[in-house]
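Visitor: Structure: coords17.txt, compact mmCIF, C-alpha atoms.
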```
# COMPACT_ATOMS: atom_id res chain seq x y z
CA MET Z 852 13.22 108.83 112.68
CA PRO Z 853 10.61 111.57 112.31
CA ARG Z 854 9.93 113.75 109.29
CA THR Z 855 12.04 116.86 108.93
CA THR Z 856 11.40 120.29 107.41
CA GLY Z 857 12.99 119.04 104.16
CA ARG Z 858 12.08 115.90 102.20
CA PRO Z 859 10.59 113.15 104.34
CA ILE Z 860 12.92 110.45 105.58
CA PRO Z 861 11.65 107.18 104.08
CA ALA Z 862 10.05 104.64 106.40
CA VAL Z 863 11.31 101.13 107.00
CA VAL Z 864 9.33 97.96 106.50
CA GLY Z 865 8.44 96.47 109.88
CA ALA Z 866 8.42 99.74 111.80
CA ASP Z 867 5.25 98.53 113.52
CA LEU Z 868 6.64 95.10 114.44
CA GLU Z 869 5.61 93.83 117.87
CA VAL Z 870 7.54 91.12 119.69
CA PRO Z 871 6.72 88.96 122.73
CA ILE Z 872 8.48 89.55 126.04
CA LYS Z 873 8.50 87.64 129.32
CA GLY Z 874 4.93 86.98 130.43
CA GLY Z 875 3.63 86.86 126.85
CA ARG Z 876 2.92 90.57 126.41
CA LEU Z 877 3.61 92.14 122.99
CA VAL Z 878 5.64 95.34 122.79
CA PRO Z 879 6.90 97.43 119.86
CA TYR Z 880 10.29 96.14 118.75
CA ALA Z 881 13.26 98.42 119.42
CA ASN Z 882 15.84 97.50 116.80
CA PHE Z 883 19.42 98.37 117.74
CA ASP Z 884 21.06 95.92 115.33
CA TYR Z 885 21.31 98.08 112.21
CA ALA Z 886 25.06 97.54 111.94
CA ALA Z 887 24.46 93.84 111.32
CA SER Z 888 21.54 94.17 108.91
CA ALA Z 889 19.37 97.22 108.42
CA PRO Z 890 15.64 96.82 107.76
CA CYS Z 891 14.26 97.30 104.27
CA LEU Z 892 13.22 100.78 103.22
CA GLU Z 893 9.67 101.03 101.90
CA PRO Z 894 10.87 102.52 98.56
CA VAL Z 895 13.18 99.52 98.19
CA ASN Z 896 10.34 97.11 98.81
CA ALA Z 897 8.26 99.01 96.24
CA ALA Z 898 11.03 98.86 93.62
CA VAL Z 899 11.44 95.12 94.01
CA SER Z 900 7.67 94.58 93.87
CA ALA Z 901 7.50 96.66 90.69
CA ALA Z 902 10.27 94.62 89.04
CA LEU Z 903 8.89 91.19 89.92
CA PRO Z 904 6.06 90.96 87.34
CA ALA Z 905 8.55 91.30 84.47
CA TYR Z 906 11.45 89.52 86.17
CA SER Z 907 13.52 87.48 83.72
CA SER Z 908 17.10 86.55 82.85
CA VAL Z 909 19.53 89.30 81.89
CA HIS Z 910 21.91 90.05 79.02
CA ARG Z 911 21.19 87.11 76.69
CA GLY Z 912 17.42 87.03 76.26
CA ALA Z 913 15.52 88.46 73.29
CA GLY Z 914 12.13 88.53 74.98
CA TYR Z 915 10.61 91.76 76.24
CA ALA Z 916 10.80 90.76 79.92
CA SER Z 917 14.47 89.84 79.55
CA GLN Z 918 15.26 93.12 77.81
CA LEU Z 919 13.39 95.12 80.45
CA THR Z 920 15.09 93.27 83.32
CA THR Z 921 18.49 93.75 81.67
CA ALA Z 922 17.83 97.49 81.38
CA ARG Z 923 16.82 97.67 85.04
CA TYR Z 924 19.90 95.72 86.09
CA GLU Z 925 22.30 97.92 84.14
CA GLN Z 926 20.51 101.07 85.32
CA ALA Z 927 21.05 99.82 88.87
CA ARG Z 928 24.77 99.63 88.12
CA HIS Z 929 24.79 103.28 86.97
CA THR Z 930 22.77 104.37 90.01
CA VAL Z 931 25.03 102.68 92.54
CA ARG Z 932 28.14 103.97 90.76
CA ALA Z 933 26.79 107.53 90.97
CA PHE Z 934 25.84 107.06 94.62
CA ALA Z 935 29.45 106.19 95.41
CA GLY Z 936 30.83 109.18 93.47
CA SER Z 937 32.89 106.95 91.21
CA ARG Z 938 35.08 108.00 88.31
CA PRO Z 939 33.69 107.60 84.76
CA ASP Z 940 35.89 104.59 83.99
CA ASP Z 941 35.49 102.77 87.30
CA ALA Z 942 34.14 99.25 87.20
CA LEU Z 943 31.21 98.22 89.39
CA ILE Z 944 30.85 94.52 90.01
CA PHE Z 945 27.79 93.33 91.86
CA THR Z 946 28.68 90.90 94.61
CA ARG Z 947 26.86 89.18 97.47
CA ASN Z 948 28.20 91.52 100.16
CA THR Z 949 31.36 93.28 101.37
CA THR Z 950 33.08 90.00 102.24
CA ASP Z 951 32.46 88.72 98.72
CA ALA Z 952 33.73 92.00 97.25
CA MET Z 953 36.96 91.96 99.22
CA ASN Z 954 37.59 88.32 98.32
CA LEU Z 955 37.04 89.20 94.66
CA LEU Z 956 39.60 91.98 94.95
CA ALA Z 957 42.03 89.62 96.70
CA ARG Z 958 41.73 87.23 93.75
CA SER Z 959 42.47 90.10 91.36
CA LEU Z 960 45.69 91.44 92.88
CA PRO Z 961 48.78 91.46 90.65
CA GLU Z 962 51.24 88.73 91.49
CA GLY Z 963 53.48 89.65 94.42
CA THR Z 964 51.16 92.32 95.84
CA THR Z 965 51.59 92.96 99.56
CA VAL Z 966 48.55 94.09 101.49
CA VAL Z 967 48.84 96.37 104.51
CA VAL Z 968 45.89 96.05 106.86
CA PHE Z 969 45.15 97.05 110.45
CA ASP Z 970 44.14 94.46 113.04
CA SER Z 971 41.16 96.71 113.78
CA GLU Z 972 39.42 95.62 110.57
CA HIS Z 973 36.26 93.56 110.20
CA HIS Z 974 37.17 90.02 109.17
CA ALA Z 975 35.83 90.78 105.66
CA SER Z 976 38.77 93.13 105.17
CA LEU Z 977 41.28 91.39 107.45
CA LEU Z 978 41.28 87.81 106.20
CA PRO Z 979 41.09 87.53 102.38
CA TRP Z 980 44.66 88.54 101.55
CA PRO Z 981 47.24 85.86 100.68
CA ARG Z 982 50.17 88.12 101.57
CA ALA Z 983 49.54 90.68 104.29
CA VAL Z 984 51.36 92.92 106.74
CA ARG Z 985 49.10 93.36 109.76
CA LEU Z 986 49.40 96.52 111.84
CA ALA Z 987 48.34 96.94 115.46
CA PRO Z 988 45.26 99.07 116.18
CA PRO Z 989 46.50 102.67 116.26
CA ALA Z 990 46.19 104.75 119.42
CA PHE Z 991 45.02 107.84 117.50
CA PRO Z 992 44.28 108.76 113.85
CA GLY Z 993 47.69 110.27 113.23
CA GLU Z 994 49.31 107.03 114.32
CA ALA Z 995 47.25 105.16 111.72
CA ILE Z 996 48.71 107.40 109.02
CA ARG Z 997 52.24 107.09 110.43
CA ALA Z 998 52.05 103.29 110.72
CA ALA Z 999 50.71 102.95 107.18
CA ASP Z 1000 53.44 105.28 105.91
CA GLU Z 1001 56.19 103.19 107.52
CA ALA Z 1002 54.75 99.87 106.39
CA LEU Z 1003 54.28 100.96 102.79
CA ALA Z 1004 57.77 102.48 102.66
CA ALA Z 1005 59.24 99.06 103.46
CA ILE Z 1006 57.49 97.29 100.56
CA GLY Z 1007 59.38 96.93 97.31
CA GLY Z 1008 56.69 95.64 94.95
CA PRO Z 1009 53.01 96.37 94.35
CA ALA Z 1010 51.07 97.20 97.49
CA LEU Z 1011 47.50 97.73 98.63
CA LEU Z 1012 46.40 99.47 101.81
CA VAL Z 1013 43.09 98.14 103.16
CA VAL Z 1014 41.14 100.13 105.74
CA THR Z 1015 37.65 100.65 107.05
CA ALA Z 1016 35.85 103.96 106.64
CA ALA Z 1017 33.86 103.53 109.86
CA SER Z 1018 34.46 100.90 112.53
CA ASN Z 1019 31.74 98.30 112.89
CA VAL Z 1020 32.65 98.04 116.59
CA THR Z 1021 32.93 101.64 117.76
CA GLY Z 1022 31.45 103.58 114.84
CA GLU Z 1023 34.56 105.78 114.75
CA LEU Z 1024 35.39 107.38 111.41
CA TRP Z 1025 38.82 106.63 109.97
CA PRO Z 1026 41.02 109.22 108.16
CA ILE Z 1027 40.61 107.60 104.76
CA ALA Z 1028 41.52 110.70 102.75
CA GLY Z 1029 44.84 110.99 104.60
CA LEU Z 1030 45.50 107.28 104.25
CA ALA Z 1031 44.76 107.46 100.51
CA HIS Z 1032 47.30 110.26 100.17
CA ILE Z 1033 49.94 108.19 101.97
CA ALA Z 1034 49.21 105.11 99.87
CA HIS Z 1035 49.51 107.00 96.60
CA ARG Z 1036 52.69 108.73 97.72
CA HIS Z 1037 54.26 105.27 97.93
CA GLY Z 1038 52.82 104.14 94.60
CA ALA Z 1039 50.32 101.88 96.38
CA ARG Z 1040 46.55 101.66 96.11
CA ILE Z 1041 43.89 101.83 98.78
CA ALA Z 1042 40.75 99.73 99.22
CA VAL Z 1043 38.11 100.93 101.65
CA ASP Z 1044 35.51 98.87 103.45
CA ALA Z 1045 32.61 101.33 103.34
CA ALA Z 1046 29.94 98.95 104.65
CA GLN Z 1047 29.35 100.94 107.85
CA LEU Z 1048 29.86 104.34 106.23
CA VAL Z 1049 27.37 104.40 103.37
CA PRO Z 1050 24.20 103.94 105.49
CA HIS Z 1051 25.21 107.00 107.54
CA ARG Z 1052 27.31 109.39 105.43
CA ARG Z 1053 27.76 110.42 101.82
CA LEU Z 1054 30.57 108.63 100.00
CA ASN Z 1055 32.52 110.29 97.20
CA LEU Z 1056 35.14 107.90 95.90
CA THR Z 1057 36.53 110.47 93.46
CA ALA Z 1058 36.87 113.34 95.94
CA LEU Z 1059 38.55 111.04 98.49
CA ASP Z 1060 40.84 109.63 95.78
CA LEU Z 1061 40.09 106.01 96.68
CA ASP Z 1062 41.03 103.19 94.35
CA TYR Z 1063 38.43 100.65 95.51
CA VAL Z 1064 35.40 100.66 97.78
CA ALA Z 1065 33.15 97.82 98.86
CA PHE Z 1066 29.81 97.80 100.65
CA SER Z 1067 26.75 95.65 101.29
CA GLY Z 1068 23.09 96.18 100.47
CA HIS Z 1069 21.94 94.47 103.64
CA LYS Z 1070 23.48 97.27 105.71
CA LEU Z 1071 22.12 99.92 103.34
CA TYR Z 1072 18.41 99.18 103.84
CA ALA Z 1073 18.37 96.78 100.86
CA PRO Z 1074 18.47 93.28 102.42
CA PHE Z 1075 18.19 91.33 99.17
CA GLY Z 1076 21.65 89.76 99.05
CA ALA Z 1077 23.64 92.19 96.90
CA GLY Z 1078 26.77 94.25 97.45
CA ALA Z 1079 29.30 95.99 95.25
CA LEU Z 1080 32.98 96.38 94.51
CA ILE Z 1081 33.71 99.67 92.76
CA GLY Z 1082 37.07 100.86 91.53
CA ARG Z 1083 39.85 100.97 88.99
CA PRO Z 1084 39.34 98.41 86.22
CA ASP Z 1085 42.91 97.46 85.26
CA TRP Z 1086 43.66 94.89 87.99
CA LEU Z 1087 40.19 93.40 87.53
CA ALA Z 1088 40.59 93.24 83.74
CA GLU Z 1089 43.87 91.35 84.01
CA ALA Z 1090 42.67 88.87 86.62
CA GLU Z 1091 41.16 85.45 86.06
CA PRO Z 1092 37.38 85.51 86.47
CA TYR Z 1093 36.21 85.37 90.06
CA LEU Z 1094 33.73 82.68 88.98
CA ARG Z 1095 34.12 80.62 85.83
CA GLY Z 1096 30.92 80.10 83.89
CA GLY Z 1097 28.36 81.57 81.56
CA GLY Z 1098 28.60 85.30 81.03
CA ALA Z 1099 32.30 85.49 81.89
CA VAL Z 1100 33.38 84.19 78.49
CA LYS Z 1101 33.60 85.39 74.90
CA ALA Z 1102 33.97 81.88 73.50
CA VAL Z 1103 34.64 78.34 74.69
CA GLY Z 1104 36.54 75.74 72.69
CA GLU Z 1105 39.40 73.64 73.93
CA VAL Z 1106 40.06 76.54 76.28
CA ALA Z 1107 37.89 79.44 77.41
CA GLU Z 1108 38.41 82.95 76.11
CA TRP Z 1109 37.37 85.31 78.89
CA SER Z 1110 35.29 88.41 78.36
CA ASP Z 1111 37.02 91.75 77.86
CA ASP Z 1112 34.13 93.42 79.70
CA VAL Z 1113 35.43 93.73 83.27
CA GLU Z 1114 32.02 93.59 84.88
CA ALA Z 1115 30.82 90.61 82.85
CA ARG Z 1116 34.14 88.87 83.46
CA HIS Z 1117 33.50 88.72 87.20
CA GLU Z 1118 29.71 88.23 87.22
CA ALA Z 1119 29.43 84.72 85.83
CA GLY Z 1120 26.08 82.96 86.06
CA THR Z 1121 22.70 84.53 86.60
CA PRO Z 1122 23.26 87.53 88.85
CA ASN Z 1123 21.14 88.66 91.79
CA VAL Z 1124 19.06 91.01 89.66
CA LEU Z 1125 16.52 91.87 92.35
CA GLY Z 1126 19.32 92.48 94.83
CA ALA Z 1127 20.93 94.97 92.44
CA ILE Z 1128 17.59 96.71 91.85
CA ALA Z 1129 17.03 96.88 95.62
CA LEU Z 1130 20.51 98.30 96.24
CA ALA Z 1131 19.97 100.99 93.60
CA ALA Z 1132 16.57 101.87 95.05
CA ALA Z 1133 18.14 102.35 98.49
CA CYS Z 1134 20.82 104.59 96.99
CA ASP Z 1135 18.14 106.63 95.22
CA ALA Z 1136 16.03 106.95 98.38
CA LEU Z 1137 18.90 108.16 100.54
CA SER Z 1138 20.16 110.57 97.89
CA ALA Z 1139 16.67 112.00 97.40
CA THR Z 1140 16.26 112.55 101.13
CA GLY Z 1141 19.61 114.32 101.39
CA TRP Z 1142 22.33 113.61 103.91
CA THR Z 1143 21.80 116.68 106.10
CA PRO Z 1144 18.54 115.56 107.76
CA LEU Z 1145 19.74 111.96 108.02
CA VAL Z 1146 23.01 112.89 109.71
CA ARG Z 1147 21.41 115.52 111.95
CA GLU Z 1148 18.82 113.07 113.29
CA GLU Z 1149 21.34 110.30 113.75
CA GLU Z 1150 23.75 112.52 115.65
CA ARG Z 1151 20.94 113.68 117.92
CA LEU Z 1152 19.89 110.13 118.74
CA ILE Z 1153 23.39 108.73 119.21
CA ALA Z 1154 24.28 111.64 121.53
CA ARG Z 1155 21.15 110.90 123.58
CA LEU Z 1156 22.12 107.23 123.79
CA ARG Z 1157 25.76 107.83 124.71
CA ALA Z 1158 24.83 110.37 127.38
CA GLY Z 1159 22.41 107.87 128.88
CA LEU Z 1160 25.00 105.09 128.89
CA ALA Z 1161 27.60 107.36 130.51
CA ALA Z 1162 25.21 108.02 133.40
CA ILE Z 1163 24.85 104.31 134.27
CA GLY Z 1164 27.37 102.98 136.77
CA GLY Z 1165 29.19 99.87 135.56
CA VAL Z 1166 28.58 100.54 131.86
CA ARG Z 1167 31.76 101.15 129.87
CA GLU Z 1168 31.69 102.37 126.27
CA LEU Z 1169 34.41 100.99 124.00
CA SER Z 1170 36.43 103.45 121.97
CA LEU Z 1171 39.70 103.34 120.09
CA TRP Z 1172 40.25 107.10 119.87
CA GLY Z 1173 38.28 108.58 122.74
CA PRO Z 1174 34.72 109.77 123.31
CA ASP Z 1175 35.00 112.95 121.24
CA HIS Z 1176 36.12 111.37 117.97
CA PRO Z 1177 33.51 111.62 115.16
CA ARG Z 1178 31.50 108.47 114.61
CA VAL Z 1179 28.42 107.00 112.97
CA GLY Z 1180 25.47 105.57 114.90
CA ILE Z 1181 27.23 102.64 116.56
CA VAL Z 1182 28.07 102.19 120.26
CA SER Z 1183 29.63 99.11 121.86
CA PHE Z 1184 29.83 98.68 125.62
CA THR Z 1185 30.18 96.27 128.51
CA VAL Z 1186 28.14 95.96 131.69
CA GLU Z 1187 30.12 95.15 134.84
CA GLY Z 1188 29.19 91.79 136.33
CA ARG Z 1189 27.30 90.63 133.24
CA THR Z 1190 28.40 88.79 130.12
CA ALA Z 1191 27.49 90.37 126.81
CA ARG Z 1192 25.19 87.45 126.00
CA GLU Z 1193 23.34 87.83 129.32
CA VAL Z 1194 22.74 91.51 128.64
CA ALA Z 1195 21.54 90.87 125.09
CA GLU Z 1196 19.19 88.10 126.19
CA LEU Z 1197 17.71 90.17 129.01
CA LEU Z 1198 17.17 93.14 126.70
CA SER Z 1199 15.33 90.90 124.25
CA SER Z 1200 13.27 88.74 126.61
CA GLU Z 1201 12.24 91.44 129.08
CA HIS Z 1202 12.23 94.67 127.06
CA GLY Z 1203 11.71 93.83 123.37
CA ILE Z 1204 15.10 95.29 122.42
CA GLY Z 1205 17.41 93.77 119.81
CA VAL Z 1206 21.16 94.35 120.12
CA ARG Z 1207 24.24 92.44 118.98
CA ASP Z 1208 26.70 90.74 121.33
CA GLY Z 1209 30.10 89.10 120.88
CA LYS Z 1210 33.12 90.27 118.93
CA PHE Z 1211 31.25 91.42 115.80
CA CYS Z 1212 33.54 89.61 113.32
CA ALA Z 1213 36.36 91.86 114.52
CA HIS Z 1214 38.04 89.62 117.09
CA PRO Z 1215 41.46 91.32 117.27
CA LEU Z 1216 39.94 94.79 117.73
CA VAL Z 1217 37.44 93.74 120.41
CA ARG Z 1218 40.11 91.86 122.33
CA HIS Z 1219 42.31 94.96 122.10
CA LEU Z 1220 39.54 97.23 123.38
CA LEU Z 1221 38.67 94.84 126.21
CA GLY Z 1222 42.30 94.31 127.13
CA THR Z 1223 42.12 90.53 126.87
CA ASP Z 1224 43.42 87.76 124.63
CA ASP Z 1225 40.82 85.29 125.83
CA GLY Z 1226 38.26 83.40 123.83
CA GLY Z 1227 36.24 83.70 120.66
CA CYS Z 1228 32.79 84.90 119.76
CA ALA Z 1229 31.03 81.73 120.89
CA ASP Z 1230 32.48 81.43 124.38
CA GLY Z 1231 29.84 83.69 125.96
CA THR Z 1232 32.26 85.21 128.45
CA VAL Z 1233 34.40 87.67 126.52
CA GLY Z 1234 32.70 90.16 124.27
CA ALA Z 1235 30.71 93.36 124.20
CA VAL Z 1236 27.21 94.58 123.47
CA ARG Z 1237 26.65 96.69 120.37
CA ALA Z 1238 23.74 99.09 119.89
CA SER Z 1239 23.42 100.59 116.43
CA ILE Z 1240 20.80 102.97 115.11
CA GLY Z 1241 19.47 104.15 111.79
CA ILE Z 1242 16.32 105.13 109.93
CA GLY Z 1243 13.44 103.93 112.09
CA SER Z 1244 15.20 104.56 115.42
CA THR Z 1245 13.25 106.79 117.82
CA ASP Z 1246 13.62 108.63 121.12
CA GLU Z 1247 11.41 106.01 122.74
CA HIS Z 1248 13.74 103.23 121.59
CA VAL Z 1249 16.77 105.03 123.01
CA ASP Z 1250 15.09 105.81 126.32
CA ARG Z 1251 13.83 102.24 126.67
CA LEU Z 1252 17.33 100.87 126.11
CA ILE Z 1253 18.86 103.23 128.66
CA GLU Z 1254 16.23 102.41 131.28
CA ALA Z 1255 16.59 98.67 130.65
CA LEU Z 1256 20.37 98.84 131.02
CA ARG Z 1257 20.02 100.86 134.21
CA HIS Z 1258 17.87 98.04 135.60
CA ILE Z 1259 20.25 95.30 134.39
CA ALA Z 1260 23.33 97.06 135.79
CA VAL Z 1261 21.97 97.18 139.35
CA SER Z 1262 20.13 93.85 139.45
```
Using structure tokens, write down the structure that the file contains.
Guide:
Amino acid sequence: MPRTTGRPIPAVVGADLEVPIKGGRLVPYANFDYAASAPCLEPVNAAVSAALPAYSSVHRGAGYASQLTTARYEQARHTVRAFAGSRPDDALIFTRNTTDAMNLLARSLPEGTTVVVFDSEHHASLLPWPRAVRLAPPAFPGEAIRAADEALAAIGGPALLVVTAASNVTGELWPIAGLAHIAHRHGARIAVDAAQLVPHRRLNLTALDLDYVAFSGHKLYAPFGAGALIGRPDWLAEAEPYLRGGGAVKAVGEVAEWSDDVEARHEAGTPNVLGAIALAAACDALSATGWTPLVREEERLIARLRAGLAAIGGVRELSLWGPDHPRVGIVSFTVEGRTAREVAELLSSEHGIGVRDGKFCAHPLVRHLLGTDDGGCADGTVGAVRASIGIGSTDEHVDRLIEALRHIAVS
């Protein structure tokens, strides 16, 4: 993305990467796989490099390096909490990624909790729950609210509604504020998978009245293996530790006495300190840039891409709620007469373009959108192609992808 009239948009590491194509020629890499893992921002790389010389263990060391690293780690927690717009008493537990965060939450549910979840979720949010009511993908946003309302009304005990903020398949934004209102009206809580939202839009957990949010650093330009679960501390404080080991305990005798500190309780062992520092640096960089230039540039590029795809015969964009519904920078599509894997391989080998193909760890939703019950991600015959953009995407990348697909569709 280019500079704007406001603060400069930070650059990504590897923006000048060249890759080989058929015939051995090198071409600039056109990365359209941001939704899987976004490249590292240069400020993130700088923050990690600055922390490395004094890197040490956290929380229990008396040495200067340990104290400095502990301070950086805990400052990262405050930074990420502020980035998410959390409440003052919300807990923030550093995890490996969104999947890890949702599994941690699943382990922390009060006994007898029923989870309501849509089949349109990423597997990270669809699969962890021991007791779940699964709802069909809704035909429009209002139906999502109605279906959640009906499902929660039928539950007698504790309940949790789990929903994505932005689809990792279509990029479509979900009505999470309305769904939070419905959940709370029934005395339930809501957990939001914000992995695909936070790289593209501002998140304010407090304003949206969300109970829990989870997201991953590797999608937020901080690919150092850290994510976060943020939310109300009571369920987490009453749960058994997610991992049992050093740091999660107050004392160990015949039995272990677990820490009263919610965050320590669920972060046993040596944490991913550099991952947390990287995640905080990405949050700082995006906040400093401001969301207006980021969103404006993304919307311009995704509109250019979607218009180009619509003009190619045989290319069909996938959508749950129609072409006009608001979305982030993600587009999934099929090419008539070609498997998704064929398209992805041709784009890579002949044009230096990286996309994702398959069912994107959202098998039920992709099958629903394709109108088929056949196969899994590895079968190579049923799936879609996903192009996702972000910081570092350019007009040239978009135009190259459109021209390449035009060639593939008629060849």
Visitor: Mind listing whatever residues come within 8 Å of the point (34.9, 100.6, 97.8)? Use only C-alpha atoms, file coordinates, and give them as a VMD selection string.
Guide: chain Z and resid 1042 to 1045 1056 1061 to 1066 1079 to 1082
Visitor: For segment 1245-1247 of chain Z, find every residue with an atom within 10 Å (counting all atoms listed in the file), except residues of its own chain fewer than 5 positions away, and show them as a list in words.
Guide: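 The filter keeps Met852, Pro853, Ala881, Asn882, Glu1148, Glu1149, Arg1151, Leu1152, Ile1153, Arg1155, Leu1156, Ile1240, Leu1252 and Ile1253 of chain Z.
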Visitor: Please measure the separation of atom CA of Val1182 of chain Z and atom CA of Ala862 of chain Z, giving the value in Å to one decimal.
Guide: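 Rounded to one decimal, the two atoms are 22.9 Å apart.
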Visitor: I'd like the neighbourhood of Ala1255 of chain Z as a CSV table (one decimal) with C-alpha atoms, in the coordinates of the input, where a residue qualifies if any of its atoms comes within 7 Å (using all atoms listed in the file), though same-chain residues fewer than 4 positions away should be ignored.
Guide:
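See around11.csv below for the written result:
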```
chain,number,residue,atom,x,y,z
Z,1198,LEU,CA,17.2,93.1,126.7
Z,1202,HIS,CA,12.2,94.7,127.1
Z,1251,ARG,CA,13.8,102.2,126.7
Z,1259,ILE,CA,20.2,95.3,134.4
```
Visitor: Choose the residue, out of Z:Phe991, Z:Asn954, Z:Arg1237, Z:Phe945, that has the smallest atom-to-atom separation from Ala1119 of chain Z; count all atoms listed in the file.
Guide: Z:Phe945
Visitor: If you count only C-alpha atoms, which residues fall within 9 Å of Leu1160 of chain Z, apart from same-chain ones fewer than 4 positions away, as an NGL selection string?
Guide: :Z and (1155-1156 or 1164 or 1166-1168 or 1184 or 1253 or 1256-1257)
Visitor: Name the residues in contact with Thr1140 of chain Z at a cut-off of 8 Å, using only C-alpha atoms, excluding same-chain residues fewer than 3 positions from it; report them as a list in words.
Guide: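 My list of contacting residues is Gly857, Arg858, Pro859, Ile860, Pro861, Ala1136, Leu1137, Pro1144 and Leu1145 of chain Z.
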Visitor: Please measure the separation of atom CA of Gly936 of chain Z and atom CA of Trp1086 of chain Z, giving the value in Å to one decimal.
Guide: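 Here the two named atoms are 20.0 Å from each other.
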Visitor: Identify which of the residues Z:Ser971, Z:Ser1200, Z:Thr949, Z:Ser1244 lies closest to Gly874 of chain Z, counting all atoms listed in the file when measuring atom-to-atom distances.
Guide: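 Closest candidate: Z:Ser1200.
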Visitor: Leu1169 of chain Z: which residues within 9 Å, counting only C-alpha atoms, same-chain residues fewer than 2 positions away excluded, as a PDB file with C-alpha atoms, in the frame of the given file?
Guide:
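Final output, around.pdb:
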```
ATOM      1  CA  VAL Z1020      32.650  98.040 116.590  1.00  0.00           C
ATOM      2  CA  THR Z1021      32.930 101.640 117.760  1.00  0.00           C
ATOM      3  CA  ARG Z1167      31.760 101.150 129.870  1.00  0.00           C
ATOM      4  CA  LEU Z1171      39.700 103.340 120.090  1.00  0.00           C
ATOM      5  CA  GLY Z1173      38.280 108.580 122.740  1.00  0.00           C
ATOM      6  CA  PRO Z1174      34.720 109.770 123.310  1.00  0.00           C
ATOM      7  CA  VAL Z1182      28.070 102.190 120.260  1.00  0.00           C
ATOM      8  CA  SER Z1183      29.630  99.110 121.860  1.00  0.00           C
ATOM      9  CA  PHE Z1184      29.830  98.680 125.620  1.00  0.00           C
ATOM     10  CA  THR Z1185      30.180  96.270 128.510  1.00  0.00           C
ATOM     11  CA  VAL Z1217      37.440  93.740 120.410  1.00  0.00           C
ATOM     12  CA  LEU Z1220      39.540  97.230 123.380  1.00  0.00           C
ATOM     13  CA  LEU Z1221      38.670  94.840 126.210  1.00  0.00           C
ATOM     14  CA  ALA Z1235      30.710  93.360 124.200  1.00  0.00           C
TER      15      ALA Z1235
END
```
Visitor: For a quick check of your reading of the model, name the residues lying within 6 Å of the coordinate (36.3, 99.2, 89.4), counting all atoms listed in the file, and write them as a PyMOL selection string.
Guide: chain Z and resi 941-943+1081-1084
Visitor: Taking into account all atoms listed in the file, which residue in the set Z:Ala1129, Z:Met953, Z:Val931, Z:Leu1094 is nearest to Ala1115 of chain Z?
Guide: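 Closest to Ala1115 of chain Z, using all atoms listed in the file: Z:Leu1094.
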Visitor: With all atoms listed in the file as the atoms that count, which of Z:Ala897, Z:Ala999, Z:Ala975, Z:Ala1107 lies nearest to Glu1091 of chain Z?
Guide: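 Smallest separation from Glu1091 of chain Z among the options: Z:Ala1107.
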Visitor: Considering all atoms listed in the file, state which residue in the set Z:Ala1017, Z:Ala1004, Z:Arg1116, Z:Glu1108 is at the smallest distance from Ala1034 of chain Z.
Guide: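 Among the listed residues, Z:Ala1004 lies closest to Ala1034 of chain Z.
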Visitor: For the atom pair atom CA of Tyr1093 of chain Z and atom CA of Val1106 of chain Z, what is the interatomic distance in Å to one decimal place?
Guide: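 Atom-to-atom, atom CA of Tyr1093 of chain Z and atom CA of Val1106 of chain Z are spaced 16.8 Å apart.
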Visitor: Of the residues Z:Ala1002, Z:Leu955, Z:Leu877, Z:Leu919, which is the one nearest to Val968 of chain Z, using all atoms listed in the file?
Guide: Z:Ala1002
